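Below is the file work-v3.txt, which contains compact mmCIF, C-alpha atoms (C1' of nucleotides).
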# COMPACT_ATOMS: atom_id res chain seq x y z
CA MET A 1160 0.00 0.00 0.00
CA ASN A 1161 1.46 3.33 -1.09
CA ILE A 1162 0.06 6.79 -0.44
CA GLY A 1163 0.65 9.73 -2.76
CA TYR A 1164 -0.34 13.33 -3.39
CA ALA A 1165 -0.73 15.54 -6.43
CA CYS A 1166 1.55 18.11 -8.01
CA LEU A 1167 2.35 20.63 -5.28
CA THR A 1168 4.48 20.24 -2.17
CA LEU A 1169 3.77 22.54 0.76
CA GLY A 1170 6.27 23.88 3.24
CA VAL A 1171 9.35 22.89 1.24
CA PRO A 1172 11.62 25.70 0.04
CA ASN A 1173 12.32 25.89 -3.71
CA ALA A 1174 9.58 23.42 -4.55
CA ASP A 1175 7.42 25.94 -6.40
CA PHE A 1176 6.62 25.79 -10.10
CA ARG A 1177 6.66 28.84 -12.32
CA SER A 1178 4.94 29.74 -15.55
CA CYS A 1179 4.17 32.72 -17.78
CA THR A 1180 1.48 33.97 -20.10
CA GLN A 1181 1.54 33.09 -23.79
CA LYS A 1182 2.56 36.53 -24.91
CA ASN A 1183 5.68 36.41 -22.74
CA ALA A 1184 6.65 32.89 -23.76
CA SER A 1185 9.91 33.67 -25.56
CA GLU A 1186 12.49 30.92 -26.01
CA GLU A 1187 14.75 32.43 -23.36
CA LYS A 1188 11.87 32.75 -20.92
CA LEU A 1189 10.80 29.15 -21.49
CA VAL A 1190 14.32 27.80 -21.03
CA GLU A 1191 14.59 29.72 -17.77
CA LEU A 1192 11.22 28.43 -16.52
CA ILE A 1193 11.91 24.81 -17.48
CA ALA A 1194 15.30 24.92 -15.76
CA HIS A 1195 13.64 26.32 -12.65
CA ASN A 1196 10.80 23.79 -12.70
CA LEU A 1197 13.13 20.82 -13.13
CA ASN A 1198 15.13 21.98 -10.13
CA ALA A 1199 11.86 22.25 -8.22
CA LEU A 1200 10.86 18.74 -9.32
CA GLU A 1201 14.17 17.38 -8.12
CA THR A 1202 13.66 19.08 -4.74
CA VAL A 1203 10.19 17.55 -4.50
CA ILE A 1204 11.43 14.07 -5.41
CA ASP A 1205 14.13 14.39 -2.74
CA TYR A 1206 11.48 15.43 -0.22
CA ASN A 1207 9.25 12.47 -1.15
CA ILE A 1208 12.11 10.01 -0.80
CA LYS A 1209 13.09 11.45 2.56
CA ASN A 1210 9.51 11.23 3.80
CA GLN A 1211 8.85 7.78 2.36
CA ILE A 1212 6.12 9.02 0.08
CA LYS A 1213 6.34 6.52 -2.77
CA LEU A 1214 3.59 7.85 -4.99
CA PHE A 1215 3.56 11.26 -6.63
CA ARG A 1216 1.67 13.00 -9.44
CA ILE A 1217 3.88 15.28 -11.51
CA SER A 1218 2.22 18.56 -12.46
CA SER A 1219 1.25 19.01 -16.11
CA ASP A 1220 2.68 22.52 -15.75
CA LEU A 1221 6.23 21.15 -15.48
CA ILE A 1222 6.96 22.36 -19.02
CA PRO A 1223 5.07 25.62 -19.69
CA PHE A 1224 3.03 25.28 -22.90
CA GLY A 1225 4.46 21.80 -23.22
CA SER A 1226 1.85 20.61 -25.69
CA SER A 1227 1.28 23.91 -27.46
CA PRO A 1228 2.92 25.26 -30.64
CA VAL A 1229 3.91 28.22 -28.45
CA ASN A 1230 6.72 26.06 -27.08
CA LYS A 1231 8.92 24.82 -29.94
CA LEU A 1232 11.87 23.90 -27.75
CA PRO A 1233 13.21 20.32 -27.84
CA TRP A 1234 13.17 20.46 -24.03
CA TRP A 1235 13.54 16.69 -23.64
CA ASP A 1236 16.92 17.00 -25.43
CA LEU A 1237 18.03 20.27 -23.87
CA PHE A 1238 17.45 18.94 -20.36
CA GLU A 1239 18.22 15.29 -21.04
CA THR A 1240 20.85 15.13 -18.31
CA GLN A 1241 18.65 16.48 -15.55
CA PHE A 1242 15.69 14.34 -16.58
CA GLY A 1243 18.07 11.40 -16.31
CA VAL A 1244 19.25 12.39 -12.85
CA ILE A 1245 15.71 12.84 -11.54
CA GLY A 1246 14.55 9.65 -13.23
CA GLN A 1247 17.38 7.71 -11.62
CA LYS A 1248 16.37 9.01 -8.19
CA ILE A 1249 12.78 7.95 -8.83
CA LYS A 1250 13.86 4.52 -9.94
CA SER A 1251 16.36 3.73 -7.22
CA ALA A 1252 14.02 4.92 -4.46
CA GLY A 1253 11.17 2.80 -5.83
CA LEU A 1254 8.97 5.84 -6.40
CA ARG A 1255 5.99 5.61 -8.72
CA VAL A 1256 4.99 8.78 -10.56
CA SER A 1257 1.99 9.66 -12.66
CA MET A 1258 0.50 12.54 -14.57
CA HIS A 1259 -3.07 13.73 -15.04
CA PRO A 1260 -4.04 15.99 -17.95
CA GLY A 1261 -6.79 18.35 -16.85
CA GLN A 1262 -10.49 18.48 -17.66
CA TYR A 1263 -9.70 20.30 -20.90
CA THR A 1264 -7.95 17.38 -22.54
CA VAL A 1265 -10.84 15.63 -24.25
CA LEU A 1266 -10.22 12.60 -26.41
CA ASN A 1267 -13.83 11.92 -27.37
CA SER A 1268 -14.82 15.37 -28.66
CA PRO A 1269 -16.78 15.58 -31.92
CA ASP A 1270 -14.47 18.47 -32.82
CA GLU A 1271 -11.43 16.98 -34.54
CA ASN A 1272 -9.28 19.96 -33.58
CA VAL A 1273 -10.02 19.30 -29.92
CA VAL A 1274 -9.10 15.63 -30.39
CA GLU A 1275 -5.90 16.58 -32.20
CA ARG A 1276 -4.88 18.82 -29.30
CA ALA A 1277 -5.80 16.12 -26.80
CA ILE A 1278 -3.49 13.66 -28.56
CA ALA A 1279 -0.72 16.28 -28.65
CA ASP A 1280 -1.23 16.76 -24.92
CA LEU A 1281 -1.05 13.02 -24.23
CA ASN A 1282 2.16 12.83 -26.26
CA TYR A 1283 3.56 15.68 -24.17
CA HIS A 1284 2.84 13.76 -20.96
CA VAL A 1285 4.39 10.59 -22.39
CA ARG A 1286 7.48 12.56 -23.34
CA ILE A 1287 8.03 13.62 -19.73
CA LEU A 1288 7.61 10.12 -18.30
CA ASP A 1289 9.85 8.73 -21.07
CA ALA A 1290 12.49 11.42 -20.52
CA LEU A 1291 12.58 10.33 -16.88
CA GLY A 1292 13.14 6.77 -18.04
CA THR A 1293 10.16 5.44 -16.08
CA ASP A 1294 8.48 2.13 -16.98
CA ALA A 1295 4.87 1.46 -18.00
CA SER A 1296 3.63 1.35 -14.42
CA ASN A 1297 4.05 5.14 -14.29
CA LYS A 1298 0.66 6.15 -15.65
CA ILE A 1299 -1.21 8.97 -17.34
CA ILE A 1300 -4.75 9.34 -16.01
CA LEU A 1301 -7.54 10.57 -18.26
CA HIS A 1302 -11.30 11.05 -17.99
CA ILE A 1303 -13.55 9.79 -20.77
CA GLY A 1304 -14.70 13.29 -21.76
CA GLY A 1305 -17.99 14.89 -22.76
CA VAL A 1306 -21.41 13.38 -23.48
CA TYR A 1307 -22.70 15.64 -26.29
CA GLN A 1308 -26.33 14.55 -25.80
CA ASN A 1309 -25.55 10.96 -26.75
CA LYS A 1310 -23.45 8.91 -24.38
CA THR A 1311 -23.41 5.78 -26.55
CA LEU A 1312 -21.98 7.70 -29.49
CA ALA A 1313 -19.59 9.59 -27.20
CA MET A 1314 -18.27 6.30 -25.80
CA GLU A 1315 -17.90 4.90 -29.30
CA ARG A 1316 -15.92 7.96 -30.27
CA PHE A 1317 -13.67 7.36 -27.27
CA GLU A 1318 -13.09 3.78 -28.44
CA ASN A 1319 -12.30 4.83 -31.99
CA ASN A 1320 -9.97 7.62 -30.99
CA TYR A 1321 -8.25 5.44 -28.40
CA SER A 1322 -7.63 2.75 -31.00
CA GLY A 1323 -5.77 5.24 -33.17
CA LEU A 1324 -3.35 6.26 -30.41
CA ASN A 1325 0.32 5.29 -30.56
CA ASP A 1326 1.73 2.58 -28.29
CA GLY A 1327 3.70 5.13 -26.28
CA ILE A 1328 0.43 6.59 -25.05
CA LYS A 1329 -1.45 3.28 -24.85
CA ARG A 1330 1.06 1.61 -22.52
CA ARG A 1331 0.66 4.42 -20.00
CA LEU A 1332 -2.97 5.51 -20.32
CA VAL A 1333 -5.47 4.67 -17.58
CA ILE A 1334 -9.04 5.95 -17.30
CA GLU A 1335 -11.10 7.25 -14.39
CA ASN A 1336 -14.74 7.87 -13.48
CA ASP A 1337 -15.65 11.55 -13.23
CA ASP A 1338 -18.05 13.57 -11.09
CA ARG A 1339 -20.63 14.50 -13.72
CA SER A 1340 -20.66 12.30 -16.82
CA TYR A 1341 -19.20 8.81 -16.70
CA TRP A 1342 -20.05 6.29 -14.02
CA ILE A 1343 -17.53 3.74 -12.86
CA SER A 1344 -19.61 1.02 -14.57
CA GLU A 1345 -19.29 2.81 -17.90
CA VAL A 1346 -15.58 3.43 -17.49
CA LEU A 1347 -15.16 -0.26 -16.69
CA GLU A 1348 -17.09 -1.17 -19.82
CA LEU A 1349 -14.58 0.81 -21.87
CA GLY A 1350 -11.62 -0.41 -19.84
CA GLU A 1351 -12.56 -4.06 -20.24
CA HIS A 1352 -13.26 -3.70 -23.94
CA LEU A 1353 -10.12 -1.73 -24.76
CA GLN A 1354 -7.84 -3.36 -22.16
CA ILE A 1355 -7.25 -0.10 -20.28
CA PRO A 1356 -6.67 -0.14 -16.51
CA VAL A 1357 -9.41 1.70 -14.59
CA VAL A 1358 -8.88 4.07 -11.66
CA PHE A 1359 -11.73 4.23 -9.14
CA ASP A 1360 -12.31 7.68 -7.63
CA ASN A 1361 -14.41 7.47 -4.45
CA LEU A 1362 -15.73 11.05 -4.38
CA HIS A 1363 -16.60 11.06 -8.08
CA HIS A 1364 -18.39 7.77 -7.51
CA PHE A 1365 -20.35 9.17 -4.59
CA LEU A 1366 -21.50 12.12 -6.71
CA ASN A 1367 -22.05 10.31 -9.99
CA HIS A 1368 -23.09 6.68 -10.14
CA GLY A 1369 -25.80 4.61 -11.73
CA ALA A 1370 -28.76 2.95 -10.07
CA LEU A 1371 -26.63 -0.04 -9.09
CA GLU A 1372 -26.33 -0.04 -5.31
CA LEU A 1373 -22.98 -1.76 -5.01
CA ASP A 1374 -20.37 -0.67 -2.51
CA GLU A 1375 -16.90 0.77 -3.03
CA ALA A 1376 -15.21 -2.56 -2.25
CA TYR A 1377 -17.13 -4.17 -5.11
CA TRP A 1378 -16.10 -1.54 -7.67
CA ILE A 1379 -12.50 -1.52 -6.51
CA GLY A 1380 -12.54 -5.29 -6.98
CA GLU A 1381 -13.90 -4.90 -10.51
CA CYS A 1382 -11.27 -2.28 -11.37
CA PHE A 1383 -8.56 -4.58 -10.01
CA LYS A 1384 -9.27 -7.01 -12.84
CA THR A 1385 -8.27 -4.37 -15.42
CA TRP A 1386 -4.71 -4.02 -14.04
CA LYS A 1387 -2.14 -6.27 -15.67
CA ALA A 1388 1.26 -7.21 -14.27
CA TRP A 1389 3.21 -4.55 -16.21
CA ASP A 1390 0.70 -1.85 -15.23
CA GLY A 1391 1.93 -2.03 -11.66
CA ARG A 1392 -0.19 -2.08 -8.54
CA GLN A 1393 -3.83 -1.06 -8.87
CA LYS A 1394 -4.37 2.65 -8.23
CA ILE A 1395 -7.35 4.50 -6.87
CA HIS A 1396 -8.04 8.16 -6.16
CA TYR A 1397 -9.26 9.10 -2.72
CA SER A 1398 -10.70 12.42 -1.65
CA GLN A 1399 -13.25 13.85 0.74
CA GLN A 1400 -15.90 16.53 0.33
CA GLU A 1401 -15.07 19.92 1.83
CA PRO A 1402 -18.05 20.76 4.05
CA LEU A 1403 -20.18 23.74 2.95
CA LYS A 1404 -18.56 23.93 -0.47
CA ARG A 1405 -19.80 22.92 -3.91
CA ALA A 1406 -20.35 19.17 -4.26
CA GLY A 1407 -17.05 17.72 -5.43
CA SER A 1408 -14.79 20.32 -3.80
CA HIS A 1409 -11.78 18.60 -2.31
CA SER A 1410 -11.33 18.93 1.42
CA GLN A 1411 -8.64 21.07 3.01
CA THR A 1412 -7.22 18.01 4.73
CA ILE A 1413 -7.96 14.28 4.78
CA ARG A 1414 -10.03 13.59 7.89
CA ALA A 1415 -8.22 10.77 9.64
CA ASP A 1416 -11.20 8.78 10.89
CA ASP A 1417 -13.03 8.77 7.53
CA PHE A 1418 -9.86 7.68 5.76
CA PHE A 1419 -9.08 5.00 8.30
CA PHE A 1420 -12.55 3.51 8.10
CA PHE A 1421 -12.50 3.68 4.32
CA CYS A 1422 -9.32 1.61 4.31
CA ASN A 1423 -10.84 -0.93 6.66
CA ARG A 1424 -14.01 -1.08 4.59
CA ILE A 1425 -12.26 -1.81 1.29
CA LYS A 1426 -9.98 -4.37 2.95
CA SER A 1427 -7.49 -4.67 0.07
CA LYS A 1428 -3.98 -3.73 1.13
CA ASP A 1429 -2.59 -4.16 -2.36
CA LEU A 1430 -3.51 -0.69 -3.55
CA ASP A 1431 -1.83 2.59 -4.39
CA ILE A 1432 -3.92 5.48 -3.10
CA MET A 1433 -3.56 8.91 -4.69
CA LEU A 1434 -4.96 11.60 -2.40
CA GLU A 1435 -6.63 14.64 -3.89
CA VAL A 1436 -6.62 17.23 -1.14
CA LYS A 1437 -5.68 20.86 -0.60
CA ASP A 1438 -3.00 20.27 2.01
CA LYS A 1439 -1.20 17.83 -0.31
CA ASN A 1440 1.90 16.26 1.27
CA LEU A 1441 0.65 17.06 4.79
CA SER A 1442 -2.22 14.63 4.33
CA ALA A 1443 0.06 12.09 2.63
CA VAL A 1444 2.26 11.97 5.74
CA LYS A 1445 -0.84 11.76 7.92
CA CYS A 1446 -2.31 8.82 6.00
CA LEU A 1447 1.04 7.01 5.98
CA ASN A 1448 1.19 7.33 9.75
CA LEU A 1449 -2.39 6.11 10.09
CA LEU A 1450 -1.62 2.95 8.13
CA ALA A 1451 1.93 2.46 9.41
CA GLU A 1452 2.85 -1.16 10.03
CA LYS A 1453 5.73 -0.20 12.26
CA LYS A 1454 3.89 1.72 14.93
CA GLU A 1455 6.42 3.97 16.60
CA ILE A 1456 5.36 7.01 18.56
CA LYS A 1457 8.44 8.82 17.22
CA ALA A 1458 6.53 9.35 13.99
CA LEU A 1459 3.73 11.14 15.87
CA GLU A 1460 6.23 13.17 17.88
CA LEU A 1461 7.78 14.33 14.61
CA GLU A 1462 4.33 15.30 13.35
CA TRP A 1463 3.62 17.10 16.60
CA SER A 1464 6.79 19.17 16.16
CA ARG A 1465 5.41 20.35 12.81
CA TYR A 1466 1.85 21.08 13.94
CA LYS A 1467 2.21 22.22 17.53
CA TYR A 1468 2.29 26.01 17.05
CA SER A 1469 -0.71 25.88 14.71
CA VAL A 1470 -2.60 23.90 17.32
CA LEU A 1471 -1.49 26.34 19.99
CA GLU A 1472 -2.83 29.37 18.12
CA HIS A 1473 -6.18 27.70 17.45
CA SER A 1474 -6.78 25.88 20.70
CA PRO A 1475 -4.52 25.89 23.78
CA ALA A 1476 -6.78 23.30 25.43
CA GLU A 1477 -6.24 20.77 22.66
CA TYR A 1478 -2.54 21.65 22.61
CA ASN A 1479 -2.36 20.37 26.18
CA GLU A 1480 -4.57 17.42 25.38
CA ILE A 1481 -2.15 16.23 22.67
CA ARG A 1482 0.84 16.72 24.97
CA ARG A 1483 -0.84 14.43 27.48
CA LEU A 1484 -1.73 11.94 24.78
CA LEU A 1485 1.87 11.60 23.61
CA ARG A 1486 3.25 11.13 27.10
CA ASP A 1487 2.83 7.33 27.05
CA LYS A 1488 5.70 6.20 24.83
CA SER A 1489 4.47 2.61 24.57
CA ASN A 1490 1.35 3.63 22.68
CA TYR A 1491 0.70 4.59 19.06
CA PRO A 1492 -2.52 6.64 19.23
CA ALA A 1493 -2.43 7.90 15.62
CA LEU A 1494 -6.19 8.12 15.08
CA GLU A 1495 -6.76 9.95 18.34
CA PHE A 1496 -3.78 12.24 17.73
CA TYR A 1497 -4.98 13.35 14.29
CA GLY A 1498 -8.54 13.57 15.54
CA ILE A 1499 -7.63 16.14 18.19
CA LEU A 1500 -5.36 17.92 15.72
CA GLU A 1501 -8.16 18.28 13.17
CA SER A 1502 -10.63 19.41 15.80
CA ALA A 1503 -8.18 22.08 16.98
CA LEU A 1504 -7.33 23.41 13.52
CA LYS A 1505 -11.03 23.66 12.64
CA LYS A 1506 -11.59 26.08 15.49
CA GLU A 1507 -11.59 29.77 14.80
CA CYS A 1508 -8.22 31.35 15.60
CA LYS A 1509 -8.73 33.97 18.33
CA VAL A 1510 -6.47 37.05 18.30
CA GLY A 1511 -5.31 36.45 21.86
CA THR A 1512 -4.26 32.85 21.34
CA ALA A 1513 -2.66 33.70 18.00
CA ILE A 1514 -0.51 36.39 19.62
CA ASN A 1515 0.36 33.93 22.36
CA ALA A 1516 1.55 31.37 19.80
CA ALA A 1517 3.51 34.10 18.00
CA HIS A 1518 5.31 34.86 21.27
CA HIS A 1519 6.28 31.20 21.54
CA ILE A 1520 7.81 31.44 18.08
CA TRP A 1521 9.47 34.72 19.00
CA GLY A 1522 11.18 32.85 21.80
CA TYR A 1523 13.49 31.25 19.24
CA PHE A 1524 14.80 34.70 18.25
CA ARG A 1525 14.71 36.62 21.53
CA ASP A 1526 18.44 36.25 22.13
CA LYS A 1527 19.69 36.74 18.59
CA ALA A 1528 17.31 39.33 17.13
CA THR A 1529 18.53 42.88 16.52
CA GLU A 1530 16.99 45.78 18.43
CA THR A 1531 15.12 46.81 15.27
CA GLU A 1532 13.68 43.33 14.83
CA LYS A 1533 12.59 43.20 18.44
CA ASN A 1534 10.84 46.56 18.13
CA SER A 1535 9.15 45.50 14.88
CA PHE A 1536 7.83 42.33 16.46
CA LEU A 1537 6.52 44.02 19.60
CA LYS A 1538 4.95 46.83 17.59
CA CYS A 1539 3.23 44.42 15.21
CA ALA A 1540 2.02 42.24 18.09
CA GLU A 1541 0.57 45.29 19.79
CA GLU A 1542 -1.16 46.39 16.57
CA CYS A 1543 -2.65 42.89 16.30
CA ARG A 1544 -3.97 43.22 19.83
CA GLN A 1545 -5.63 46.52 18.93
CA GLY A 1546 -6.96 45.13 15.68
CA THR A 1547 -5.02 47.52 13.44
CA ALA A 1548 -2.74 44.81 12.01
CA SER A 1549 -3.52 41.28 10.88
CA ILE A 1550 -2.22 38.08 12.45
CA ALA A 1551 -1.12 37.15 8.93
CA LYS A 1552 1.28 40.10 8.96
CA LEU A 1553 2.71 39.05 12.30
CA LYS A 1554 3.21 35.52 11.01
CA ARG A 1555 4.88 36.76 7.82
CA PHE A 1556 7.34 38.72 9.94
CA LEU A 1557 8.15 35.60 11.96
CA GLU A 1558 8.53 33.61 8.75
CA LYS A 1559 11.14 36.08 7.53
CA MET A 1560 12.96 35.78 10.81
CA THR A 1561 12.89 32.00 10.47
CA GLU A 1562 14.41 32.23 7.01
CA LYS A 1563 17.02 34.75 8.10
CA TYR A 1564 18.20 32.84 11.15
CA LYS A 1565 17.50 29.43 9.59
CA GLU A 1566 15.98 28.13 12.79
CA PRO A 1567 15.74 24.38 12.05
CA TYR A 1568 12.80 23.57 14.31
CA LEU A 1569 10.71 26.31 12.71
CA LEU A 1570 11.85 25.62 9.15
CA ASN A 1571 10.06 22.27 9.39
CA SER A 1572 6.99 23.72 11.08
CA TYR A 1573 3.60 23.94 9.38
CA TYR A 1574 2.89 27.11 11.37
CA PHE A 1575 3.56 29.30 8.34
CA ILE A 1576 1.55 27.28 5.83
CA LEU A 1577 -1.64 26.70 7.81
CA ASP A 1578 -4.07 29.57 8.48
C1' DT B 518 -22.13 34.05 -22.51
C1' DG B 519 -20.52 32.59 -18.11
C1' DA B 520 -19.57 28.94 -14.70
C1' DC B 521 -16.66 25.39 -13.78
C1' DG B 522 -11.21 24.38 -11.49
C1' DT B 523 -6.60 25.55 -10.83
C1' DC B 524 -2.64 27.94 -10.08
C1' DA B 525 0.65 31.55 -10.75
C1' DA B 526 1.34 35.69 -13.49
C1' DG B 527 0.18 40.17 -14.03
C1' DA B 528 -2.07 44.36 -12.58
C1' DT B 529 -3.34 47.48 -9.35
C1' DC B 530 -3.73 49.42 -4.98
C1' DC B 531 -1.81 51.08 -0.65
C1' DG B 532 1.16 53.10 2.69
C1' DC C 447 9.22 51.41 -3.90
C1' DG C 448 7.87 47.06 -1.68
C1' DG C 449 4.34 44.44 -0.24
C1' DA C 450 -0.53 43.10 -0.14
C1' DT C 451 -4.58 42.08 -2.70
C1' DC C 452 -7.41 41.68 -6.80
C1' DT C 453 -7.90 40.09 -11.66
C1' DT C 454 -6.52 37.49 -15.61
C1' DG C 455 -5.09 33.60 -18.29
C1' DA C 456 -5.61 28.90 -20.56
C1' DC C 457 -8.23 25.08 -21.60
C1' DG C 458 -13.53 22.52 -23.42
C1' DT C 459 -18.15 21.47 -22.06
C1' DC C 460 -22.62 22.47 -20.74
C1' DA C 461 -26.53 25.17 -19.20
Show how you would write the structure in this file as structure tokens.
Amino acid sequence: MNIGYACLTLGVPNADFRSCTQKNASEEKLVELIAHNLNALETVIDYNIKNQIKLFRISSDLIPFGSSPVNKLPWWDLFETQFGVIGQKIKSAGLRVSMHPGQYTVLNSPDENVVERAIADLNYHVRILDALGTDASNKIILHIGGVYQNKTLAMERFENNYSGLNDGIKRRLVIENDDRSYWISEVLELGEHLQIPVVFDNLHHFLNHGALELDEAYWIGECFKTWKAWDGRQKIHYSQQEPLKRAGSHSQTIRADDFFFFCNRIKSKDLDIMLEVKDKNLSAVKCLNLLAEKKEIKALELEWSRYKYSVLEHSPAEYNEIRRLLRDKSNYPALEFYGILESALKKECKVGTAINAAHHIWGYFRDKATETEKNSFLKCAEECRQGTASIAKLKRFLEKMTEKYKEPYLLNSYYFILD
DNA sequence: TGACGTCAAGATCCG
DNA sequence: CGGATCTTGACGTCA
């Protein structure tokens, strides 16, 4: 069982991707952006290896305008060496990567220009995974596409257009149910007929399924049959609804109890689970800890060191509750730990407790800060108390201090990336 | 014609 | 002028 996350990595310096608008996409600009993004990708891969995250979706934005005539660069040649280096890291660490063209890549469109661009986009994604030297188990995930008032015809068009694809695409392509058009049963129909592995997405299934009242375990079992040996381990997508938002909106974080019970419900341990969630790698680490075979409280203590100041600013009571919980070193109370954590972070952040947490952070700099820095901090804290400055401003100041003095404990903290 | 989703770039505002 | 905040861009489908 591997857990992965998609595209962006939070709280890691130099892991950001850059882009530009079409009108600014000169050759020089593109070379600069690609060089930057490949460095970022390497940083992210290093982070994933270090944190034992073995599944990762590479952003389609890695190469700006990668499948558009706007970008005429032979980037796979120009950056061959670095692709090789990153690919080697992926391979030797046993990482599995994937890519997922967005909702605008539509293979079954009645418009042949749209189909042509979709194929160009798939070839672009193949080129990245090939440049990295990854094998056929490193997949490209695609939805079936539109319905155009006639689903039977639309599915036939998918079959026809799929049949015409080159083997480079075919060996990597997998298909997924979506949240408005294609049910898992229909995707399976196509997958079985065309010999394409099928990815089950739990939230899409919840929002868009046929009359058949069969549970998730059943459909995951059916999808399993579409994965052949060289496709690698069966993959599913897992996400949760963000409360109070549009149906289908991904949650801020993966709620530990729901995830844990989902895993128990579906039973299969021979699955790769790709999380789709706003807090990205934070939830990946959480889910890994929830399912950890080697249950060592050290892992929770490490997590606590990352979350503690966020918990403190939201809820001092739960801060103390977690401290008590982690006191017994013979236990591994992961579910309870994350449960309290989530409950705390959901609470509204009061100005008083936020300033209190900021003072805790300030404690790391009290002895080394300059007089100017000290005055700035105290002034900003006072303005927060009076309501004339925002807590966000106070936190940004502390973040700068953290970067300047490279305080290791704070550099790994989530305090600056959680609101 | 605009909503949908997503993110950073680009533009503009503010002190 | 730097930093914060708002708007735009890029894509195809569907109402």
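Here CA of Leu1362 (chain A) stands at a distance of 7.5 Å from CA of Asp1338 (chain A).
Among the candidates A:Asp1294, A:Asp1280, A:Glu1541, A:Asp1175, the one nearest to chain C when counting all atoms listed in the file is A:Asp1280.
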**Item:** Proximal residues of chain A relative to chain C (all atoms listed in the file; 8 Å) as a list in words
**Value:** Thr1180, Gln1262, Tyr1263, Thr1264, Val1265 and Gly1305 of chain A
Item to complete: Taking the point (-24.9, 10.6, -8.4) as given in the file, collect each protein or nucleic acid residue that comes within 10 Å of it, counting all atoms listed in the file, and present the set as a ChimeraX atom specification.
Response: /A:1338-1340,1342,1363-1370
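Within 7 Å of chain B, counting only C-alpha atoms (C1' of nucleotides), chain A contributes Arg1177, Ser1178, Cys1179 and Thr1180 of chain A.
Take CA of Glu1477 (chain A) and CA of Pro1402 (chain A): the distance between them is 22.0 Å.
The neighbours of Ala1388 (chain A) here are the residues that come within 12 Å of it, using only C-alpha atoms (C1' of nucleotides) and leaving out any residue fewer than 6 positions away in the same chain; they are Ala1295, Ser1296 and Pro1356 of chain A.
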Output C-alpha atoms for every residue in the selection just made, as a tab-separated table (two decimals), in the coordinates of the input.
chain	number	residue	atom	x	y	z
A	1295	ALA	CA	4.87	1.46	-18.00
A	1296	SER	CA	3.63	1.35	-14.42
A	1356	PRO	CA	-6.67	-0.14	-16.51
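Taking CA of Asn1198 (chain A) as the reference point, CA of Cys1446 (chain A) is found at 27.2 Å.
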### Task
List the neighbours of region 1478-1488 of chain A out to 9 Å using only C-alpha atoms (C1' of nucleotides); skip same-chain residues closer than 3 positions along the sequence, and give me the result as a list in words.
Glu1455, Ile1456, Lys1457, Leu1459, Glu1460, Trp1463, Lys1467, Tyr1468, Val1470, Leu1471, Glu1472, His1473, Ser1474, Pro1475, Tyr1491, Pro1492, Glu1495, Phe1496, Ile1499, Leu1500 and Ala1503 of chain A
Could you turn the residues from that selection into a file that holds C-alpha atoms, as a CSV table (one decimal), in the frame of the given file?
chain,number,residue,atom,x,y,z
A,1455,GLU,CA,6.4,4.0,16.6
A,1456,ILE,CA,5.4,7.0,18.6
A,1457,LYS,CA,8.4,8.8,17.2
A,1459,LEU,CA,3.7,11.1,15.9
A,1460,GLU,CA,6.2,13.2,17.9
A,1463,TRP,CA,3.6,17.1,16.6
A,1467,LYS,CA,2.2,22.2,17.5
A,1468,TYR,CA,2.3,26.0,17.0
A,1470,VAL,CA,-2.6,23.9,17.3
A,1471,LEU,CA,-1.5,26.3,20.0
A,1472,GLU,CA,-2.8,29.4,18.1
A,1473,HIS,CA,-6.2,27.7,17.4
A,1474,SER,CA,-6.8,25.9,20.7
A,1475,PRO,CA,-4.5,25.9,23.8
A,1491,TYR,CA,0.7,4.6,19.1
A,1492,PRO,CA,-2.5,6.6,19.2
A,1495,GLU,CA,-6.8,10.0,18.3
A,1496,PHE,CA,-3.8,12.2,17.7
A,1499,ILE,CA,-7.6,16.1,18.2
A,1500,LEU,CA,-5.4,17.9,15.7
A,1503,ALA,CA,-8.2,22.1,17.0
Grab chain C from that structure and dump C-alpha atoms (C1' of nucleotides) to a file, as a PDB file, in the first residue's frame.
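Contents of part34.pdb, as written:
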ATOM      1  C1'  DC C 447       9.220  51.414  -3.896  1.00  0.00           C
ATOM      2  C1'  DG C 448       7.874  47.056  -1.676  1.00  0.00           C
ATOM      3  C1'  DG C 449       4.338  44.443  -0.239  1.00  0.00           C
ATOM      4  C1'  DA C 450      -0.531  43.099  -0.144  1.00  0.00           C
ATOM      5  C1'  DT C 451      -4.579  42.080  -2.703  1.00  0.00           C
ATOM      6  C1'  DC C 452      -7.407  41.684  -6.797  1.00  0.00           C
ATOM      7  C1'  DT C 453      -7.897  40.090 -11.665  1.00  0.00           C
ATOM      8  C1'  DT C 454      -6.525  37.492 -15.612  1.00  0.00           C
ATOM      9  C1'  DG C 455      -5.092  33.599 -18.291  1.00  0.00           C
ATOM     10  C1'  DA C 456      -5.607  28.895 -20.564  1.00  0.00           C
ATOM     11  C1'  DC C 457      -8.228  25.084 -21.598  1.00  0.00           C
ATOM     12  C1'  DG C 458     -13.531  22.520 -23.422  1.00  0.00           C
ATOM     13  C1'  DT C 459     -18.151  21.468 -22.061  1.00  0.00           C
ATOM     14  C1'  DC C 460     -22.619  22.472 -20.738  1.00  0.00           C
ATOM     15  C1'  DA C 461     -26.531  25.170 -19.200  1.00  0.00           C
TER      16       DA C 461
END
